[in-house]
Amino acid sequence: MDKNIHTDKLTQCFSCIDLTTLNATDTEARGRLFAENANRFAGEYPHMPSVAAICVYPTLIAAVKETLRVEGIKIAAVGAGFPAAQTFPQVMEQECALCVEQGADEIDIVLSLHHFFAGQYEKAAVAIRGVRRAIGAGTHLKVILETGALKSEEHIRKASFLAMENGADFIKTSTGKMEPAATPFAARIMCQCIAEYYEQTGKKIGFKPAGGIATSEQALEYYHIVEEILGPDWLNPSLFRIGASRLANNLLKDIFGQDLVLF
């Protein structure tokens, strides 16, 4: 591959990162640090795109919002009983609405697998629709399928369509809290479902692999899956995200050819 083309693809992957910290030990200081690093990077490398979003727990939203100065970087929050969604629909809706009040632009929720595996698909759909209403049309909703639990093509397809048909703007592979997380197998099926849904409805749904994606090679593998199945229209932050924590520095190392620990 031509070196310039390779670098362009790595840069594109960088611009699609949801820079993520979802540890039980995360403090407001960690949220501020992520935002400060994004501010610093934008100042030192103005020719480079910024990451697409900073993704945190609800309690860190305000700290990120107060600190972040870079236009275009979204604040994403996990909600609705993340990472298991084992709570009441009213709690899911209220938590996600509070995230938006605090300043979240995007909400990542988990498909209610306890309903899904019980065959209670309408209950799982109701939970998504409830959050969709609670956060409003202007807030992006990403629905995490937790494909490591779904395993089969049949289940991944069923979950993908259930999420898209009930208000998801993005479908996402994994929480990163169980193994396996993102896999090319699941990514291909999900992208095929997105393509089919687009053919049926004319609506473009985004795709987000997340969990265990740390190297440039791994990022490019998902980039090429999206390119092959969905086409170049999807290769931008409005329709393609990569949930990651370590990936940003590794991409920058390969883009610039030197160690750059900026995130």
# chains A, B, ... in the order shown; residues from 1 in each chain; ligands from 1
$ residues_around --residues "Lys123 (chain A)" --least-positions-apart "6" --cutoff "10 Å" --atoms "only C-alpha atoms" --output "number ranges by chain"
A: 89, 112, 114-116, 129
$ write_last_selection --atoms "N, CA and C atoms" --output "short mmCIF file (atom, residue, chain, number, x, y, z; two decimals), in the first residue's frame"
data_model
loop_
_atom_site.label_atom_id
_atom_site.label_comp_id
_atom_site.auth_asym_id
_atom_site.auth_seq_id
_atom_site.Cartn_x
_atom_site.Cartn_y
_atom_site.Cartn_z
N PRO A 89 -36.81 -0.08 33.59
CA PRO A 89 -36.88 0.85 32.46
C PRO A 89 -36.94 2.30 32.89
N SER A 112 -30.91 -5.09 26.40
CA SER A 112 -31.34 -5.86 27.58
C SER A 112 -31.27 -7.35 27.27
N HIS A 114 -31.09 -9.89 29.17
CA HIS A 114 -31.93 -10.77 29.98
C HIS A 114 -33.30 -10.95 29.33
N HIS A 115 -33.79 -9.91 28.65
CA HIS A 115 -35.03 -10.05 27.89
C HIS A 115 -34.77 -10.78 26.57
N PHE A 116 -33.67 -10.43 25.93
CA PHE A 116 -33.37 -11.02 24.62
C PHE A 116 -33.28 -12.54 24.70
N ARG A 129 -36.69 2.06 23.15
CA ARG A 129 -37.59 3.16 22.77
C ARG A 129 -37.77 4.15 23.92
#
$ residues_around --residues "region 225-236 of chain A" --least-positions-apart "3" --cutoff "8 Å" --atoms "only C-alpha atoms" --output "list in words"
Gln12, Ser15, Cys16, Pro184, Ala187, Arg188, Cys191, Gln192, Ile194, Ala195, Gly206, Glu221, Tyr222, Leu239, Phe240 and Arg241 of chain A
$ select_by_dssp --residues "region 16-48 of chain A" --states "strand (DSSP E or B)" --output "number ranges by chain"
A: 17-20
$ select_by_dssp --residues "region 4-235 of chain A" --states "helix (DSSP H, G or I)" --output "number ranges by chain"
A: 4-15, 28-44, 58-67, 89-102, 113-116, 121-135, 147-150, 153-165, 184-201, 216-229, 232-234
$ closest_atom_pairs --of "region 89-174 of chain A" --to "region 180-183 of chain A" --cutoff "6 Å" --atoms "only C-alpha atoms" --output "Markdown table"
| residue | atom | partner | partner_atom | distance |
| --- | --- | --- | --- | --- |
| A:Gly148 | CA | A:Pro180 | CA | 4.8 |
| A:Thr173 | CA | A:Ala182 | CA | 5.6 |
| A:Ser174 | CA | A:Ala181 | CA | 5.4 |
$ closest_residue --among "A:Arg157, A:Ala168, A:Gln94, A:Lys253" --to "Ile128 (chain A)" --atoms "only C-alpha atoms"
A:Ala168
$ decode --residues "region 113-186 of chain A" --atoms "C-alpha atoms" --output "short mmCIF file (atom, residue, chain, number, x, y, z; two decimals), in the first residue's frame"
data_model
loop_
_atom_site.label_atom_id
_atom_site.label_comp_id
_atom_site.auth_asym_id
_atom_site.auth_seq_id
_atom_site.Cartn_x
_atom_site.Cartn_y
_atom_site.Cartn_z
CA LEU A 113 -29.87 -9.32 27.12
CA HIS A 114 -31.93 -10.77 29.98
CA HIS A 115 -35.03 -10.05 27.89
CA PHE A 116 -33.37 -11.02 24.62
CA PHE A 117 -32.34 -14.48 25.75
CA ALA A 118 -35.73 -15.07 27.33
CA GLY A 119 -37.30 -14.43 23.92
CA GLN A 120 -38.94 -11.26 25.29
CA TYR A 121 -37.95 -9.17 22.31
CA GLU A 122 -40.69 -6.58 22.76
CA LYS A 123 -39.50 -5.86 26.31
CA ALA A 124 -35.97 -5.32 24.98
CA ALA A 125 -37.38 -3.05 22.27
CA VAL A 126 -39.46 -1.06 24.79
CA ALA A 127 -36.34 -0.37 26.84
CA ILE A 128 -34.56 1.12 23.80
CA ARG A 129 -37.59 3.16 22.77
CA GLY A 130 -37.94 4.51 26.29
CA VAL A 131 -34.37 5.77 26.34
CA ARG A 132 -34.79 7.17 22.83
CA ARG A 133 -37.75 9.26 24.02
CA ALA A 134 -35.99 10.29 27.24
CA ILE A 135 -32.88 11.70 25.55
CA GLY A 136 -34.63 13.39 22.63
CA ALA A 137 -34.03 13.30 18.92
CA GLY A 138 -30.98 15.57 19.08
CA THR A 139 -28.88 13.14 21.14
CA HIS A 140 -27.19 10.24 19.40
CA LEU A 141 -28.09 6.81 20.78
CA LYS A 142 -25.65 3.93 20.46
CA VAL A 143 -26.97 0.47 21.36
CA ILE A 144 -24.38 -2.08 22.46
CA LEU A 145 -25.27 -5.63 21.41
CA GLU A 146 -22.58 -7.38 23.48
CA THR A 147 -21.81 -9.73 20.62
CA GLY A 148 -19.52 -11.86 22.78
CA ALA A 149 -22.66 -13.05 24.55
CA LEU A 150 -24.76 -13.33 21.40
CA LYS A 151 -22.18 -15.54 19.61
CA SER A 152 -24.28 -16.81 16.67
CA GLU A 153 -24.98 -15.05 13.39
CA GLU A 154 -28.72 -15.51 14.01
CA HIS A 155 -28.57 -13.76 17.37
CA ILE A 156 -26.34 -10.93 16.12
CA ARG A 157 -28.69 -10.30 13.19
CA LYS A 158 -31.77 -10.36 15.43
CA ALA A 159 -30.18 -7.95 17.91
CA SER A 160 -28.93 -5.61 15.17
CA PHE A 161 -32.36 -5.18 13.63
CA LEU A 162 -34.06 -4.93 17.01
CA ALA A 163 -31.78 -2.03 17.93
CA MET A 164 -32.04 -0.24 14.57
CA GLU A 165 -35.81 -0.58 14.36
CA ASN A 166 -36.33 0.92 17.81
CA GLY A 167 -34.25 4.07 17.72
CA ALA A 168 -30.53 3.32 17.58
CA ASP A 169 -28.40 5.78 15.62
CA PHE A 170 -25.43 3.41 15.99
CA ILE A 171 -25.05 -0.25 16.78
CA LYS A 172 -21.97 -1.16 18.78
CA THR A 173 -20.30 -4.51 19.32
CA SER A 174 -19.33 -4.60 22.97
CA THR A 175 -19.04 -3.03 26.40
CA GLY A 176 -15.42 -4.10 26.73
CA LYS A 177 -16.41 -5.75 30.01
CA MET A 178 -16.62 -9.31 28.74
CA GLU A 179 -14.72 -11.57 26.34
CA PRO A 180 -14.72 -11.79 23.46
CA ALA A 181 -15.24 -8.09 22.81
CA ALA A 182 -15.14 -6.77 19.23
CA THR A 183 -14.49 -9.40 16.57
CA PRO A 184 -14.33 -9.18 12.76
CA PHE A 185 -16.95 -11.98 12.65
CA ALA A 186 -19.50 -9.86 14.52
#
